[in-house]
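Each remark here refers to the structure printed beneath this line.
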Amino acid sequence: MGEAQTGHEVHQQHEKLVRALADQHALTVVQGEDESIPDEAFDDLMERAQTLMAYEKQMPALLAEPERVRSEKVVFWSWRIQSAVAIVLILVFRLLGYSDGWYALVVPHLVATFCGWPLKATVNNHLARRTASIALHAVGVLLVLIVLGVLSPWFIVALVIGWAFVGAVAADGQEAGK
């Protein structure tokens, strides 16, 4: 789609196409009053009408593009940041000789975040993907607080629920993207 246009620019372009169609229609009507409408004038009218209809079909995607670009950045960086968090936790465990079995939570978190790296935000799924990516940070914070002993291990249930939510929302976004 190229460079994202603002909503104002999209609407200006639409108005320009509408004016061009109206002008051609007025010209065609004036030419047709004296005698039959010339083929060239009618062809020009049809061409402008088709151009307008094609642009109107594109308008929802054009209007959503700035938000999609924003969502793309959120999705891109969220999954990578959470991978980095998991790697840092693993390194801390290795350096400090501290584990208490927390690898069982951190390694799946790392693998799952690596699986999120190829996610793309399309016009149809960008809101779902952005929601999943933001929720992923809450899951990451919960993971850190659990493995560092700030929260009780009982919060692992909340962690699993959080991951189920992130997975479900990301999967919904996958379906919308097809």
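Following the order of the structure tokens, first chain is A, next is B, and so on, with residues numbered from 1 inside each chain and ligands from 1 in the order they appear.
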Exercise. Show which residues sit within 6 Å of range 168-173 of chain A, as JSON, numbers by chain. Count only C-alpha atoms, and ignore same-chain residues fewer than 3 positions away.
Key: {"A": [125, 128, 129, 132, 164, 165, 176]}
Using only all heavy atoms, please write the residues we just selected to a file, as a PDB file, in the first residue's frame.
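The resulting result-v9.pdb:
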```
ATOM      1  N   ASN A 125      -6.534  -8.073  10.995  1.00  0.00           N
ATOM      2  CA  ASN A 125      -6.225  -8.665  12.294  1.00  0.00           C
ATOM      3  C   ASN A 125      -5.377  -7.791  13.205  1.00  0.00           C
ATOM      4  O   ASN A 125      -4.997  -8.228  14.279  1.00  0.00           O
ATOM      5  CB  ASN A 125      -5.537 -10.012  12.104  1.00  0.00           C
ATOM      6  CG  ASN A 125      -4.122  -9.902  11.593  1.00  0.00           C
ATOM      7  OD1 ASN A 125      -3.539  -8.831  11.495  1.00  0.00           O
ATOM      8  ND2 ASN A 125      -3.539 -11.027  11.248  1.00  0.00           N
ATOM      9  N   ALA A 128      -6.495  -7.386  16.997  1.00  0.00           N
ATOM     10  CA  ALA A 128      -6.350  -8.609  17.783  1.00  0.00           C
ATOM     11  C   ALA A 128      -4.883  -8.878  18.085  1.00  0.00           C
ATOM     12  O   ALA A 128      -4.522  -9.237  19.215  1.00  0.00           O
ATOM     13  CB  ALA A 128      -6.966  -9.798  17.044  1.00  0.00           C
ATOM     14  N   ARG A 129      -4.022  -8.692  17.083  1.00  0.00           N
ATOM     15  CA  ARG A 129      -2.598  -8.921  17.301  1.00  0.00           C
ATOM     16  C   ARG A 129      -2.018  -7.920  18.302  1.00  0.00           C
ATOM     17  O   ARG A 129      -1.180  -8.257  19.119  1.00  0.00           O
ATOM     18  CB  ARG A 129      -1.845  -8.828  15.973  1.00  0.00           C
ATOM     19  CG  ARG A 129      -2.182  -9.936  15.019  1.00  0.00           C
ATOM     20  CD  ARG A 129      -1.453 -11.215  15.410  1.00  0.00           C
ATOM     21  NE  ARG A 129      -1.943 -12.373  14.728  1.00  0.00           N
ATOM     22  CZ  ARG A 129      -1.542 -12.807  13.553  1.00  0.00           C
ATOM     23  NH1 ARG A 129      -0.644 -12.152  12.885  1.00  0.00           N
ATOM     24  NH2 ARG A 129      -2.045 -13.916  13.059  1.00  0.00           N
ATOM     25  N   ALA A 132      -3.124  -8.986  21.812  1.00  0.00           N
ATOM     26  CA  ALA A 132      -2.342 -10.143  22.263  1.00  0.00           C
ATOM     27  C   ALA A 132      -0.932  -9.728  22.659  1.00  0.00           C
ATOM     28  O   ALA A 132      -0.400 -10.206  23.667  1.00  0.00           O
ATOM     29  CB  ALA A 132      -2.297 -11.204  21.161  1.00  0.00           C
ATOM     30  N   ALA A 164      -3.089 -18.604  27.820  1.00  0.00           N
ATOM     31  CA  ALA A 164      -4.238 -19.083  27.035  1.00  0.00           C
ATOM     32  C   ALA A 164      -4.936 -17.902  26.358  1.00  0.00           C
ATOM     33  O   ALA A 164      -5.327 -17.994  25.187  1.00  0.00           O
ATOM     34  CB  ALA A 164      -5.213 -19.835  27.936  1.00  0.00           C
ATOM     35  N   PHE A 165      -5.058 -16.784  27.079  1.00  0.00           N
ATOM     36  CA  PHE A 165      -5.675 -15.595  26.500  1.00  0.00           C
ATOM     37  C   PHE A 165      -4.846 -15.072  25.331  1.00  0.00           C
ATOM     38  O   PHE A 165      -5.384 -14.788  24.258  1.00  0.00           O
ATOM     39  CB  PHE A 165      -5.828 -14.506  27.576  1.00  0.00           C
ATOM     40  CG  PHE A 165      -6.306 -13.199  27.024  1.00  0.00           C
ATOM     41  CD1 PHE A 165      -7.638 -13.017  26.704  1.00  0.00           C
ATOM     42  CD2 PHE A 165      -5.418 -12.153  26.806  1.00  0.00           C
ATOM     43  CE1 PHE A 165      -8.088 -11.811  26.181  1.00  0.00           C
ATOM     44  CE2 PHE A 165      -5.853 -10.949  26.282  1.00  0.00           C
ATOM     45  CZ  PHE A 165      -7.191 -10.778  25.971  1.00  0.00           C
ATOM     46  N   ALA A 176      -8.521 -14.032  11.214  1.00  0.00           N
ATOM     47  CA  ALA A 176      -8.969 -12.804  10.554  1.00  0.00           C
ATOM     48  C   ALA A 176      -8.039 -12.416   9.424  1.00  0.00           C
ATOM     49  O   ALA A 176      -8.431 -11.740   8.488  1.00  0.00           O
ATOM     50  CB  ALA A 176      -9.066 -11.654  11.564  1.00  0.00           C
TER      51      ALA A 176
END
```
Quiz item: DSSP says alpha helix (DSSP H) for which residues of chain A? Put them as a ChimeraX atom specification?
Solution: /A:7-34,39-96,103-116,126-147,156-177
Practice problem: Select, from A:Trp79, A:Phe93, A:Tyr55, A:Trp117, the residue with the minimum atom-to-atom distance to Leu136 in chain A, counting only C-alpha atoms. | Solution: A:Trp79
Exercise. With a distance cut-off of 8 Å and only C-alpha atoms, select the neighbouring residues of range 48-53 of chain A, excluding the residue or stretch itself and same-chain residues fewer than 3 positions from it, and output the selection as an NGL selection string.
Key: :A and (14 or 17-18 or 20-21 or 24 or 44-45 or 56-57)
Return as a Markdown table the residues of range 50-85 of chain A lying at most 9 Å from range 101-110 of chain A, together with the closest atom-to-atom pair for each and the distance in Å to one decimal, counting only C-alpha atoms, with rows in chain order and ascending residue number.
```
| residue | atom | partner | partner_atom | distance |
| --- | --- | --- | --- | --- |
| A:Gln82 | CA | A:Leu110 | CA | 7.6 |
| A:Ser83 | CA | A:Leu110 | CA | 5.3 |
| A:Ala84 | CA | A:Leu110 | CA | 8.2 |
| A:Val85 | CA | A:Leu110 | CA | 8.3 |
```
Which polymer residues have any atom within 12 Å of an atom of His137 in chain A, counting only C-alpha atoms, with same-chain residues fewer than 5 positions away left out, as a PDB file with N, CA, C and O atoms, in the first residue's frame?
```
ATOM      1  N   VAL A  74       4.016  -2.538  17.454  1.00  0.00           N
ATOM      2  CA  VAL A  74       3.748  -3.117  18.774  1.00  0.00           C
ATOM      3  C   VAL A  74       3.951  -4.627  18.737  1.00  0.00           C
ATOM      4  O   VAL A  74       4.607  -5.201  19.611  1.00  0.00           O
ATOM      5  N   VAL A  75       3.414  -5.269  17.717  1.00  0.00           N
ATOM      6  CA  VAL A  75       3.545  -6.722  17.588  1.00  0.00           C
ATOM      7  C   VAL A  75       5.015  -7.107  17.423  1.00  0.00           C
ATOM      8  O   VAL A  75       5.512  -8.013  18.098  1.00  0.00           O
ATOM      9  N   TRP A  77       7.857  -5.555  18.275  1.00  0.00           N
ATOM     10  CA  TRP A  77       8.724  -5.359  19.436  1.00  0.00           C
ATOM     11  C   TRP A  77       8.262  -6.114  20.669  1.00  0.00           C
ATOM     12  O   TRP A  77       9.095  -6.544  21.471  1.00  0.00           O
ATOM     13  N   SER A  78       6.989  -6.317  20.867  1.00  0.00           N
ATOM     14  CA  SER A  78       6.502  -7.000  22.076  1.00  0.00           C
ATOM     15  C   SER A  78       7.027  -8.422  22.181  1.00  0.00           C
ATOM     16  O   SER A  78       7.525  -8.833  23.231  1.00  0.00           O
ATOM     17  N   TRP A  79       6.927  -9.159  21.106  1.00  0.00           N
ATOM     18  CA  TRP A  79       7.351 -10.555  21.147  1.00  0.00           C
ATOM     19  C   TRP A  79       8.866 -10.666  21.311  1.00  0.00           C
ATOM     20  O   TRP A  79       9.360 -11.543  22.014  1.00  0.00           O
ATOM     21  N   ARG A  80       9.604  -9.765  20.710  1.00  0.00           N
ATOM     22  CA  ARG A  80      11.065  -9.795  20.848  1.00  0.00           C
ATOM     23  C   ARG A  80      11.502  -9.384  22.250  1.00  0.00           C
ATOM     24  O   ARG A  80      12.431  -9.956  22.815  1.00  0.00           O
ATOM     25  N   ILE A  81      10.851  -8.398  22.807  1.00  0.00           N
ATOM     26  CA  ILE A  81      11.189  -7.968  24.171  1.00  0.00           C
ATOM     27  C   ILE A  81      10.916  -9.086  25.164  1.00  0.00           C
ATOM     28  O   ILE A  81      11.724  -9.338  26.066  1.00  0.00           O
ATOM     29  N   GLN A  82       9.807  -9.778  25.000  1.00  0.00           N
ATOM     30  CA  GLN A  82       9.501 -10.872  25.917  1.00  0.00           C
ATOM     31  C   GLN A  82      10.469 -12.049  25.728  1.00  0.00           C
ATOM     32  O   GLN A  82      10.794 -12.736  26.692  1.00  0.00           O
ATOM     33  N   SER A  83      10.950 -12.253  24.528  1.00  0.00           N
ATOM     34  CA  SER A  83      12.003 -13.264  24.326  1.00  0.00           C
ATOM     35  C   SER A  83      13.256 -12.860  25.084  1.00  0.00           C
ATOM     36  O   SER A  83      13.909 -13.695  25.727  1.00  0.00           O
ATOM     37  N   ALA A  84      13.592 -11.584  25.006  1.00  0.00           N
ATOM     38  CA  ALA A  84      14.772 -11.087  25.731  1.00  0.00           C
ATOM     39  C   ALA A  84      14.596 -11.242  27.238  1.00  0.00           C
ATOM     40  O   ALA A  84      15.552 -11.603  27.949  1.00  0.00           O
ATOM     41  N   VAL A  85      13.402 -10.990  27.748  1.00  0.00           N
ATOM     42  CA  VAL A  85      13.139 -11.166  29.186  1.00  0.00           C
ATOM     43  C   VAL A  85      13.383 -12.622  29.578  1.00  0.00           C
ATOM     44  O   VAL A  85      14.033 -12.898  30.596  1.00  0.00           O
ATOM     45  N   ALA A  86      12.877 -13.545  28.787  1.00  0.00           N
ATOM     46  CA  ALA A  86      13.058 -14.969  29.092  1.00  0.00           C
ATOM     47  C   ALA A  86      14.540 -15.353  29.033  1.00  0.00           C
ATOM     48  O   ALA A  86      15.031 -16.097  29.894  1.00  0.00           O
ATOM     49  N   HIS A 109       7.978 -20.122  27.930  1.00  0.00           N
ATOM     50  CA  HIS A 109       7.718 -18.710  27.623  1.00  0.00           C
ATOM     51  C   HIS A 109       8.640 -18.261  26.485  1.00  0.00           C
ATOM     52  O   HIS A 109       8.192 -17.598  25.545  1.00  0.00           O
ATOM     53  N   THR A 113       7.389 -17.176  22.769  1.00  0.00           N
ATOM     54  CA  THR A 113       7.651 -15.839  22.237  1.00  0.00           C
ATOM     55  C   THR A 113       8.414 -15.919  20.921  1.00  0.00           C
ATOM     56  O   THR A 113       8.185 -15.090  20.030  1.00  0.00           O
ATOM     57  N   ARG A 130      -2.460  -6.659  18.237  1.00  0.00           N
ATOM     58  CA  ARG A 130      -1.963  -5.661  19.178  1.00  0.00           C
ATOM     59  C   ARG A 130      -2.417  -6.005  20.596  1.00  0.00           C
ATOM     60  O   ARG A 130      -1.644  -5.911  21.540  1.00  0.00           O
ATOM     61  N   THR A 131      -3.664  -6.425  20.743  1.00  0.00           N
ATOM     62  CA  THR A 131      -4.181  -6.816  22.059  1.00  0.00           C
ATOM     63  C   THR A 131      -3.384  -7.983  22.626  1.00  0.00           C
ATOM     64  O   THR A 131      -3.005  -7.977  23.801  1.00  0.00           O
ATOM     65  N   ALA A 132      -3.124  -8.986  21.812  1.00  0.00           N
ATOM     66  CA  ALA A 132      -2.342 -10.143  22.263  1.00  0.00           C
ATOM     67  C   ALA A 132      -0.932  -9.728  22.659  1.00  0.00           C
ATOM     68  O   ALA A 132      -0.400 -10.206  23.667  1.00  0.00           O
ATOM     69  N   LEU A 142       4.112 -11.035  35.106  1.00  0.00           N
ATOM     70  CA  LEU A 142       3.669 -12.069  36.035  1.00  0.00           C
ATOM     71  C   LEU A 142       4.711 -13.176  36.143  1.00  0.00           C
ATOM     72  O   LEU A 142       5.028 -13.634  37.257  1.00  0.00           O
ATOM     73  N   LEU A 143       5.283 -13.588  35.034  1.00  0.00           N
ATOM     74  CA  LEU A 143       6.327 -14.616  35.035  1.00  0.00           C
ATOM     75  C   LEU A 143       7.522 -14.180  35.867  1.00  0.00           C
ATOM     76  O   LEU A 143       8.011 -14.931  36.717  1.00  0.00           O
ATOM     77  N   VAL A 144       7.988 -12.961  35.642  1.00  0.00           N
ATOM     78  CA  VAL A 144       9.149 -12.454  36.386  1.00  0.00           C
ATOM     79  C   VAL A 144       8.851 -12.414  37.883  1.00  0.00           C
ATOM     80  O   VAL A 144       9.680 -12.833  38.708  1.00  0.00           O
ATOM     81  N   LEU A 159      -0.791 -17.250  35.300  1.00  0.00           N
ATOM     82  CA  LEU A 159       0.143 -17.246  34.180  1.00  0.00           C
ATOM     83  C   LEU A 159      -0.377 -18.120  33.040  1.00  0.00           C
ATOM     84  O   LEU A 159      -0.353 -17.711  31.873  1.00  0.00           O
ATOM     85  N   GLY A 162      -3.250 -16.434  31.449  1.00  0.00           N
ATOM     86  CA  GLY A 162      -2.745 -15.337  30.617  1.00  0.00           C
ATOM     87  C   GLY A 162      -2.216 -15.836  29.282  1.00  0.00           C
ATOM     88  O   GLY A 162      -2.491 -15.257  28.233  1.00  0.00           O
ATOM     89  N   TRP A 163      -1.459 -16.940  29.324  1.00  0.00           N
ATOM     90  CA  TRP A 163      -0.945 -17.483  28.081  1.00  0.00           C
ATOM     91  C   TRP A 163      -2.075 -18.013  27.206  1.00  0.00           C
ATOM     92  O   TRP A 163      -2.036 -17.882  25.976  1.00  0.00           O
ATOM     93  N   VAL A 166      -3.533 -14.942  25.540  1.00  0.00           N
ATOM     94  CA  VAL A 166      -2.655 -14.441  24.474  1.00  0.00           C
ATOM     95  C   VAL A 166      -2.725 -15.360  23.263  1.00  0.00           C
ATOM     96  O   VAL A 166      -2.849 -14.902  22.123  1.00  0.00           O
TER      97      VAL A 166
END
```
Practice problem: Using only C-alpha atoms, find the one residue out of A:His8, A:Ala135, A:Leu148, A:Thr122 that sits nearest to Arg70 in chain A. | Solution: A:Thr122
Exercise. Using only C-alpha atoms, pick whichever of A:Ile161, A:Ile134, A:Leu151, A:Leu127 has the shortest atom-to-atom distance to Glu67 in chain A.
Key: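 Among the listed residues, the smallest separation from Glu67 in chain A belongs to A:Leu127.
We find CA of Glu72 in chain A and CA of Val111 in chain A to be spaced 20.8 Å apart.
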Quiz item: So what do you get for CA of Ala121 in chain A versus CA of Ser71 in chain A, distance-wise?
Solution: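 Distance between the two atoms: 6.4 Å.
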Quiz prompt | Computed interatomic separation between CA of Ser133 in chain A and CA of Arg68 in chain A (Å) | solution =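 These atoms are spaced 13.5 Å apart.
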